[in-house]
$ cat upload_11.pdb   # PDB, C-alpha atoms, pLDDT in the B column
ATOM      1  CA  MET P  18       0.000   0.000   0.000  1.00 45.00           C
ATOM      2  CA  GLU P  19       1.395   3.381  -0.967  1.00 60.00           C
ATOM      3  CA  GLN P  20       1.846   5.844   1.882  1.00 69.00           C
ATOM      4  CA  PHE P  21       1.589   9.411   0.639  1.00 73.00           C
ATOM      5  CA  SER P  22       0.554  12.554   2.466  1.00 83.00           C
ATOM      6  CA  VAL P  23      -0.534  15.801   0.835  1.00 87.00           C
ATOM      7  CA  PRO P  24       2.655  17.665   1.940  1.00 87.00           C
ATOM      8  CA  MET P  25       4.743  14.804   0.509  1.00 86.00           C
ATOM      9  CA  ALA P  26       2.838  14.938  -2.780  1.00 85.00           C
ATOM     10  CA  LEU P  27       3.234  18.715  -3.031  1.00 90.00           C
ATOM     11  CA  THR P  28       6.958  18.407  -2.256  1.00 90.00           C
ATOM     12  CA  ASP P  29       7.280  16.081  -5.244  1.00 89.00           C
ATOM     13  CA  PHE P  30       6.523  19.038  -7.537  1.00 92.00           C
ATOM     14  CA  ILE P  31       9.671  20.885  -6.372  1.00 90.00           C
ATOM     15  CA  PRO P  32      12.270  18.796  -8.277  1.00 89.00           C
ATOM     16  CA  VAL P  33       9.965  18.827 -11.305  1.00 91.00           C
ATOM     17  CA  ILE P  34       9.924  22.632 -11.279  1.00 92.00           C
ATOM     18  CA  LEU P  35      13.712  22.788 -10.774  1.00 91.00           C
ATOM     19  CA  PHE P  36      14.246  20.510 -13.774  1.00 91.00           C
ATOM     20  CA  GLY P  37      11.813  22.597 -15.826  1.00 91.00           C
ATOM     21  CA  ILE P  38      13.730  25.804 -15.079  1.00 92.00           C
ATOM     22  CA  ALA P  39      17.051  24.170 -15.982  1.00 91.00           C
ATOM     23  CA  ALA P  40      15.538  22.855 -19.230  1.00 91.00           C
ATOM     24  CA  VAL P  41      14.202  26.282 -20.226  1.00 93.00           C
ATOM     25  CA  ILE P  42      17.611  27.898 -19.610  1.00 91.00           C
ATOM     26  CA  LEU P  43      19.345  25.243 -21.704  1.00 90.00           C
ATOM     27  CA  GLN P  44      16.848  25.656 -24.554  1.00 91.00           C
ATOM     28  CA  HIS P  45      17.166  29.453 -24.433  1.00 91.00           C
ATOM     29  CA  ASP P  46      20.975  29.511 -24.371  1.00 89.00           C
ATOM     30  CA  LEU P  47      21.627  26.736 -26.869  1.00 88.00           C
ATOM     31  CA  TYR P  48      18.869  27.307 -29.432  1.00 88.00           C
ATOM     32  CA  SER P  49      20.985  29.418 -31.780  1.00 86.00           C
ATOM     33  CA  ARG P  50      24.038  27.186 -31.299  1.00 85.00           C
ATOM     34  CA  MET P  51      22.479  23.822 -32.057  1.00 87.00           C
ATOM     35  CA  PRO P  52      21.635  22.171 -35.366  1.00 89.00           C
ATOM     36  CA  LYS P  53      17.880  21.946 -35.710  1.00 91.00           C
ATOM     37  CA  TYR P  54      17.847  18.179 -35.321  1.00 90.00           C
ATOM     38  CA  ALA P  55      19.885  18.435 -32.097  1.00 90.00           C
ATOM     39  CA  PHE P  56      17.618  21.125 -30.655  1.00 91.00           C
ATOM     40  CA  ALA P  57      14.582  19.042 -31.602  1.00 92.00           C
ATOM     41  CA  CYS P  58      15.968  16.187 -29.481  1.00 92.00           C
ATOM     42  CA  LEU P  59      16.797  18.538 -26.596  1.00 91.00           C
ATOM     43  CA  ALA P  60      13.400  20.249 -26.635  1.00 92.00           C
ATOM     44  CA  ALA P  61      11.333  17.103 -27.107  1.00 92.00           C
ATOM     45  CA  GLY P  62      13.331  15.178 -24.526  1.00 92.00           C
ATOM     46  CA  SER P  63      13.304  17.826 -21.803  1.00 92.00           C
ATOM     47  CA  ILE P  64       9.576  18.484 -22.267  1.00 93.00           C
ATOM     48  CA  ASP P  65       8.945  14.743 -22.191  1.00 93.00           C
ATOM     49  CA  ALA P  66      10.929  14.288 -18.959  1.00 91.00           C
ATOM     50  CA  PHE P  67       9.259  17.306 -17.358  1.00 93.00           C
ATOM     51  CA  LEU P  68       5.785  16.021 -18.161  1.00 93.00           C
ATOM     52  CA  ALA P  69       6.656  12.560 -16.845  1.00 91.00           C
ATOM     53  CA  GLY P  70       7.710  14.035 -13.506  1.00 91.00           C
ATOM     54  CA  PHE P  71       4.741  16.406 -13.363  1.00 93.00           C
ATOM     55  CA  LEU P  72       2.204  13.648 -14.036  1.00 92.00           C
ATOM     56  CA  LYS P  73       3.848  11.359 -11.466  1.00 91.00           C
ATOM     57  CA  ALA P  74       3.622  14.132  -8.864  1.00 91.00           C
ATOM     58  CA  LEU P  75       0.011  14.750  -9.879  1.00 93.00           C
ATOM     59  CA  TRP P  76      -0.724  11.057  -9.371  1.00 92.00           C
ATOM     60  CA  LYS P  77       0.685  11.270  -5.835  1.00 90.00           C
ATOM     61  CA  LEU P  78      -1.419  14.330  -5.088  1.00 91.00           C
ATOM     62  CA  LEU P  79      -4.623  12.731  -6.335  1.00 91.00           C
ATOM     63  CA  TYR P  80      -3.801   9.615  -4.321  1.00 89.00           C
ATOM     64  CA  ALA P  81      -2.973  11.567  -1.147  1.00 89.00           C
ATOM     65  CA  LEU P  82      -6.204  13.580  -1.414  1.00 88.00           C
ATOM     66  CA  GLY P  83      -8.141  10.342  -1.696  1.00 87.00           C
ATOM     67  CA  LEU P  84      -9.683  11.373  -5.012  1.00 87.00           C
ATOM     68  CA  CYS P  85      -8.492   8.429  -7.094  1.00 87.00           C
ATOM     69  CA  ASP P  86      -5.592   6.136  -7.883  1.00 85.00           C
ATOM     70  CA  PHE P  87      -4.973   7.270 -11.489  1.00 86.00           C
ATOM     71  CA  ALA P  88      -2.597   4.353 -12.049  1.00 86.00           C
ATOM     72  CA  VAL P  89      -1.560   5.175 -15.618  1.00 88.00           C
ATOM     73  CA  LEU P  90       0.097   8.407 -14.432  1.00 87.00           C
ATOM     74  CA  ASN P  91       2.348   6.256 -12.274  1.00 85.00           C
ATOM     75  CA  THR P  92       3.031   3.367 -14.634  1.00 86.00           C
ATOM     76  CA  MET P  93       3.910   5.639 -17.568  1.00 87.00           C
ATOM     77  CA  PHE P  94       6.546   7.538 -15.560  1.00 86.00           C
ATOM     78  CA  LEU P  95       9.559   5.256 -16.092  1.00 83.00           C
ATOM     79  CA  PRO P  96       9.274   4.706 -19.876  1.00 85.00           C
ATOM     80  CA  VAL P  97       8.306   8.325 -20.613  1.00 88.00           C
ATOM     81  CA  GLN P  98      11.010   9.858 -18.408  1.00 88.00           C
ATOM     82  CA  SER P  99      13.654   7.420 -19.681  1.00 87.00           C
ATOM     83  CA  LEU P 100      12.916   8.314 -23.294  1.00 88.00           C
ATOM     84  CA  GLY P 101      12.892  12.030 -22.428  1.00 89.00           C
ATOM     85  CA  LEU P 102      16.258  11.953 -20.663  1.00 88.00           C
ATOM     86  CA  LEU P 103      17.789   9.869 -23.455  1.00 89.00           C
ATOM     87  CA  LEU P 104      16.617  12.372 -26.095  1.00 91.00           C
ATOM     88  CA  THR P 105      17.868  15.308 -23.989  1.00 91.00           C
ATOM     89  CA  GLY P 106      21.313  13.759 -23.633  1.00 89.00           C
ATOM     90  CA  LEU P 107      21.389  12.832 -27.327  1.00 90.00           C
ATOM     91  CA  GLY P 108      20.556  16.413 -28.299  1.00 89.00           C
ATOM     92  CA  LEU P 109      23.439  17.795 -26.218  1.00 89.00           C
ATOM     93  CA  LEU P 110      25.892  15.245 -27.605  1.00 89.00           C
ATOM     94  CA  LEU P 111      24.794  15.951 -31.182  1.00 88.00           C
ATOM     95  CA  MET P 112      25.424  19.653 -30.534  1.00 87.00           C
ATOM     96  CA  LEU P 113      28.963  18.991 -29.309  1.00 86.00           C
ATOM     97  CA  CYS P 114      29.704  16.643 -32.226  1.00 84.00           C
ATOM     98  CA  ALA P 115      28.205  18.874 -34.918  1.00 74.00           C
ATOM     99  CA  GLY P 116      30.616  19.513 -37.765  1.00 57.00           C
ATOM    100  CA  ARG P 117      32.838  16.594 -36.869  1.00 53.00           C
ATOM    101  CA  LYS P 118      33.164  13.301 -38.654  1.00 50.00           C
ATOM    102  CA  SER P 119      30.252  11.085 -37.879  1.00 45.00           C
ATOM    103  CA  VAL P 120      31.002   7.883 -36.029  1.00 43.00           C
ATOM    104  CA  THR P 121      28.854   4.841 -36.525  1.00 46.00           C
ATOM    105  CA  VAL P 122      28.288   2.952 -33.310  1.00 44.00           C
ATOM    106  CA  LEU P 123      27.134  -0.612 -33.701  1.00 45.00           C
ATOM    107  CA  THR P 124      25.548  -2.309 -30.731  1.00 51.00           C
ATOM    108  CA  ALA P 125      24.301  -5.836 -30.587  1.00 53.00           C
ATOM    109  CA  ALA P 126      20.955  -6.146 -28.888  1.00 49.00           C
ATOM    110  CA  PRO P 127      20.815  -8.899 -26.301  1.00 49.00           C
ATOM    111  CA  PRO P 128      18.477 -11.734 -27.241  1.00 49.00           C
ATOM    112  CA  PHE P 129      16.178 -11.145 -24.301  1.00 47.00           C
ATOM    113  CA  PHE P 130      15.096  -8.104 -22.312  1.00 45.00           C
ATOM    114  CA  LYS P 131      13.542  -8.655 -18.926  1.00 48.00           C
ATOM    115  CA  GLY P 132      11.427  -6.242 -16.893  1.00 52.00           C
ATOM    116  CA  THR P 133      12.280  -2.542 -17.067  1.00 54.00           C
ATOM    117  CA  PHE P 134      15.986  -2.984 -17.859  1.00 57.00           C
ATOM    118  CA  VAL P 135      15.725  -1.231 -21.205  1.00 63.00           C
ATOM    119  CA  PHE P 136      14.175   1.878 -19.635  1.00 68.00           C
ATOM    120  CA  VAL P 137      16.724   1.963 -16.823  1.00 67.00           C
ATOM    121  CA  ALA P 138      19.518   1.690 -19.422  1.00 69.00           C
ATOM    122  CA  MET P 139      17.968   4.551 -21.420  1.00 74.00           C
ATOM    123  CA  MET P 140      17.785   6.663 -18.279  1.00 74.00           C
ATOM    124  CA  VAL P 141      21.416   5.997 -17.345  1.00 75.00           C
ATOM    125  CA  LEU P 142      22.615   6.755 -20.896  1.00 81.00           C
ATOM    126  CA  GLY P 143      20.518   9.913 -21.081  1.00 82.00           C
ATOM    127  CA  LEU P 144      21.614  11.253 -17.708  1.00 82.00           C
ATOM    128  CA  GLY P 145      25.224  10.352 -18.389  1.00 84.00           C
ATOM    129  CA  ALA P 146      25.105  12.175 -21.726  1.00 86.00           C
ATOM    130  CA  ILE P 147      23.485  15.265 -20.162  1.00 88.00           C
ATOM    131  CA  CYS P 148      26.038  15.514 -17.350  1.00 88.00           C
ATOM    132  CA  ALA P 149      28.977  14.730 -19.673  1.00 89.00           C
ATOM    133  CA  ALA P 150      27.928  17.326 -22.256  1.00 88.00           C
ATOM    134  CA  LEU P 151      27.416  20.002 -19.610  1.00 90.00           C
ATOM    135  CA  SER P 152      30.821  19.130 -18.113  1.00 91.00           C
ATOM    136  CA  VAL P 153      32.438  19.690 -21.534  1.00 89.00           C
ATOM    137  CA  ILE P 154      30.762  23.097 -21.746  1.00 89.00           C
ATOM    138  CA  ALA P 155      31.977  23.860 -18.200  1.00 91.00           C
ATOM    139  CA  VAL P 156      35.571  23.128 -19.239  1.00 90.00           C
ATOM    140  CA  ARG P 157      35.215  25.416 -22.266  1.00 89.00           C
ATOM    141  CA  LEU P 158      33.983  28.171 -19.960  1.00 89.00           C
ATOM    142  CA  LYS P 159      36.820  27.522 -17.480  1.00 90.00           C
ATOM    143  CA  LYS P 160      34.325  26.469 -14.838  1.00 89.00           C
ATOM    144  CA  LYS P 161      35.861  23.092 -14.083  1.00 88.00           C
ATOM    145  CA  GLY P 162      34.420  23.154 -10.581  1.00 89.00           C
ATOM    146  CA  MET P 163      31.021  22.548 -12.139  1.00 89.00           C
ATOM    147  CA  ILE P 164      32.155  19.087 -13.228  1.00 89.00           C
ATOM    148  CA  THR P 165      31.890  17.997  -9.593  1.00 91.00           C
ATOM    149  CA  VAL P 166      28.374  19.426  -9.449  1.00 91.00           C
ATOM    150  CA  PHE P 167      27.278  17.474 -12.518  1.00 89.00           C
ATOM    151  CA  VAL P 168      28.933  14.267 -11.251  1.00 90.00           C
ATOM    152  CA  LEU P 169      27.095  14.623  -7.934  1.00 91.00           C
ATOM    153  CA  CYS P 170      23.893  15.313  -9.869  1.00 87.00           C
ATOM    154  CA  PHE P 171      24.379  12.082 -11.810  1.00 86.00           C
ATOM    155  CA  PHE P 172      24.909  10.062  -8.625  1.00 86.00           C
ATOM    156  CA  CYS P 173      21.797  11.605  -7.067  1.00 83.00           C
ATOM    157  CA  TYR P 174      19.794  10.459 -10.078  1.00 78.00           C
ATOM    158  CA  MET P 175      21.269   6.980  -9.835  1.00 78.00           C
ATOM    159  CA  SER P 176      20.581   6.827  -6.094  1.00 77.00           C
ATOM    160  CA  MET P 177      16.995   7.894  -6.698  1.00 71.00           C
ATOM    161  CA  GLY P 178      16.582   5.128  -9.259  1.00 63.00           C
ATOM    162  CA  TYR P 179      17.992   2.581  -6.809  1.00 64.00           C
ATOM    163  CA  LEU P 180      15.673   3.730  -4.030  1.00 63.00           C
ATOM    164  CA  ALA P 181      12.673   3.643  -6.354  1.00 60.00           C
ATOM    165  CA  SER P 182      13.466   0.061  -7.381  1.00 58.00           C
ATOM    166  CA  ARG P 183      13.511  -1.263  -3.824  1.00 59.00           C
ATOM    167  CA  GLU P 184      10.636  -3.205  -2.371  1.00 53.00           C
ATOM    168  CA  GLY P 185       8.279  -1.341  -0.075  1.00 52.00           C
ATOM    169  CA  ASN P 186       6.717   2.087  -0.242  1.00 61.00           C
ATOM    170  CA  SER P 187       6.931   3.401   3.308  1.00 69.00           C
ATOM    171  CA  ALA P 188       6.446   7.089   3.980  1.00 73.00           C
ATOM    172  CA  LEU P 189      10.076   7.360   5.134  1.00 72.00           C
ATOM    173  CA  MET P 190      11.430   5.844   1.917  1.00 74.00           C
ATOM    174  CA  ASN P 191       9.245   8.147  -0.160  1.00 76.00           C
ATOM    175  CA  TRP P 192      10.533  11.190   1.721  1.00 79.00           C
ATOM    176  CA  ILE P 193      14.139  10.033   1.258  1.00 78.00           C
ATOM    177  CA  GLU P 194      13.560   9.424  -2.463  1.00 78.00           C
ATOM    178  CA  GLN P 195      12.021  12.877  -2.892  1.00 79.00           C
ATOM    179  CA  GLY P 196      14.862  14.474  -0.931  1.00 83.00           C
ATOM    180  CA  VAL P 197      17.506  12.854  -3.146  1.00 81.00           C
ATOM    181  CA  ASN P 198      15.553  13.846  -6.261  1.00 81.00           C
ATOM    182  CA  THR P 199      15.271  17.452  -5.080  1.00 86.00           C
ATOM    183  CA  VAL P 200      19.012  17.654  -4.332  1.00 87.00           C
ATOM    184  CA  GLY P 201      19.807  16.221  -7.763  1.00 84.00           C
ATOM    185  CA  GLN P 202      17.569  18.692  -9.581  1.00 86.00           C
ATOM    186  CA  LEU P 203      18.940  21.567  -7.481  1.00 90.00           C
ATOM    187  CA  LEU P 204      22.484  20.588  -8.453  1.00 89.00           C
ATOM    188  CA  LEU P 205      21.479  20.459 -12.124  1.00 88.00           C
ATOM    189  CA  LEU P 206      19.816  23.877 -11.962  1.00 89.00           C
ATOM    190  CA  THR P 207      22.793  25.361 -10.084  1.00 90.00           C
ATOM    191  CA  GLY P 208      25.231  24.075 -12.689  1.00 90.00           C
ATOM    192  CA  VAL P 209      23.105  25.295 -15.594  1.00 89.00           C
ATOM    193  CA  LEU P 210      22.712  28.747 -13.995  1.00 91.00           C
ATOM    194  CA  VAL P 211      26.487  29.056 -13.510  1.00 91.00           C
ATOM    195  CA  LEU P 212      27.108  28.094 -17.147  1.00 90.00           C
ATOM    196  CA  HIS P 213      24.382  30.505 -18.254  1.00 90.00           C
ATOM    197  CA  LYS P 214      25.994  33.425 -16.390  1.00 90.00           C
ATOM    198  CA  ALA P 215      29.432  32.434 -17.677  1.00 87.00           C
ATOM    199  CA  GLY P 216      28.265  32.774 -21.281  1.00 85.00           C
ATOM    200  CA  MET P 217      27.072  29.335 -22.350  1.00 85.00           C
ATOM    201  CA  LYS P 218      25.802  30.797 -25.638  1.00 78.00           C
ATOM    202  CA  GLU P 219      29.323  31.607 -26.753  1.00 77.00           C
ATOM    203  CA  ALA P 220      30.875  28.342 -25.547  1.00 70.00           C
ATOM    204  CA  VAL P 221      29.254  26.032 -28.103  1.00 70.00           C
TER     205      VAL P 221
END

$ encode --input "upload_11.pdb" --output "structure tokens"
Amino acid sequence: MEQFSVPMALTDFIPVILFGIAAVILQHDLYSRMPKYAFACLAAGSIDAFLAGFLKALWKLLYALGLCDFAVLNTMFLPVQSLGLLLTGLGLLLMLCAGRKSVTVLTAAPPFFKGTFVFVAMMVLGLGAICAALSVIAVRLKKKGMITVFVLCFFCYMSMGYLASREGNSALMNWIEQGVNTVGQLLLLTGVLVLHKAGMKEAV
């Protein structure tokens, strides 16, 4: 049985808003610097991830208020967010690689996928690409200290995924998961704001 309170559900909107702000700043600063196909991935992916988080938080709020258990808002979260983060990371990598020789990467699909592994892999790849691309921009702007921020952000995301995959849905575990998520999104927003003030538009 899920254990959500209204304050807990409302708190879940905070990291969603933080991610949304960071996404808007990235889109604003990088729009004129990205090939259209790269910006399309960035915009579609970040909007996708934002909506996934928003709808998951909305599900918690509806549940906590006792209005209904709108299950689809919960079950769609992992695949929708994973795809969104993967597209966001792909867009940033395409921006950094624009104008260079294309490299064909061949990957052999395993014969069998079990459970949600594919979505978790997409999430890890997407988050890794986002943090790596932003770290490259930080180096170009001589803000190497931000690399630590983005690394910590990545580990917060990974910790949140681990906590979410554990059995049990106690109120304490939900609060811990939301706290880790909020810290991760705050780190992302902080790093993006620093890059924005340092002139991210001119660095790419």

$ closest_residue --input "upload_11.pdb" --among "P:Gly216, P:Gly108, P:Gly162, P:Pro52" --to "P:Gly143" --atoms "only C-alpha atoms"
P:Gly108

$ closest_residue --input "upload_11.pdb" --among "P:Met177, P:Val209, P:Ala55, P:Leu78" --to "P:Gly196" --atoms "only C-alpha atoms"
P:Met177

$ resolve_selection --input "upload_11.pdb" --expression "the PyMOL selection byres ((chain P and resi 82) around 12)" --output "ChimeraX atom specification"
/P:20-27,75-81,83-87

$ atom_distance --input "upload_11.pdb" --atom1 "atom CA of P:Asp46" --atom2 "atom CA of P:Val166"
19.5 Å

$ closest_residue --input "upload_11.pdb" --among "P:Glu219, P:Ala155, P:Leu205, P:Met190" --to "P:Phe167" --atoms "only C-alpha atoms"
P:Leu205

$ resolve_selection --input "upload_11.pdb" --expression "the PyMOL selection byres ((chain P and resi 60) around 12)" --output "CSV table (one decimal) with C-alpha atoms, in the frame of the given file"
chain,number,residue,atom,x,y,z
P,37,GLY,CA,11.8,22.6,-15.8
P,39,ALA,CA,17.1,24.2,-16.0
P,40,ALA,CA,15.5,22.9,-19.2
P,41,VAL,CA,14.2,26.3,-20.2
P,42,ILE,CA,17.6,27.9,-19.6
P,43,LEU,CA,19.3,25.2,-21.7
P,44,GLN,CA,16.8,25.7,-24.6
P,45,HIS,CA,17.2,29.5,-24.4
P,47,LEU,CA,21.6,26.7,-26.9
P,48,TYR,CA,18.9,27.3,-29.4
P,51,MET,CA,22.5,23.8,-32.1
P,53,LYS,CA,17.9,21.9,-35.7
P,54,TYR,CA,17.8,18.2,-35.3
P,55,ALA,CA,19.9,18.4,-32.1
P,56,PHE,CA,17.6,21.1,-30.7
P,57,ALA,CA,14.6,19.0,-31.6
P,58,CYS,CA,16.0,16.2,-29.5
P,59,LEU,CA,16.8,18.5,-26.6
P,61,ALA,CA,11.3,17.1,-27.1
P,62,GLY,CA,13.3,15.2,-24.5
P,63,SER,CA,13.3,17.8,-21.8
P,64,ILE,CA,9.6,18.5,-22.3
P,65,ASP,CA,8.9,14.7,-22.2
P,66,ALA,CA,10.9,14.3,-19.0
P,67,PHE,CA,9.3,17.3,-17.4
P,101,GLY,CA,12.9,12.0,-22.4
P,102,LEU,CA,16.3,12.0,-20.7
P,103,LEU,CA,17.8,9.9,-23.5
P,104,LEU,CA,16.6,12.4,-26.1
P,105,THR,CA,17.9,15.3,-24.0
P,106,GLY,CA,21.3,13.8,-23.6
P,107,LEU,CA,21.4,12.8,-27.3
P,108,GLY,CA,20.6,16.4,-28.3
P,109,LEU,CA,23.4,17.8,-26.2

$ resolve_selection --input "upload_11.pdb" --expression "the PyMOL selection byres ((chain P and resi 92) around 12)" --output "list in words"
Ala69, Gly70, Leu72, Lys73, Trp76, Asp86, Phe87, Ala88, Val89, Leu90, Asn91, Met93, Phe94, Leu95, Pro96, Val97, Gln98 and Thr133 of chain P

$ atom_distance --input "upload_11.pdb" --atom1 "atom CA of P:Cys170" --atom2 "atom CA of P:Ile193"
15.7 Å

$ atom_distance --input "upload_11.pdb" --atom1 "atom CA of P:Val211" --atom2 "atom CA of P:Leu111"
22.1 Å

$ closest_residue --input "upload_11.pdb" --among "P:Asn191, P:Thr28, P:Asn198, P:Ser176" --to "P:Val141" --atoms "all atoms listed in the file"
P:Ser176
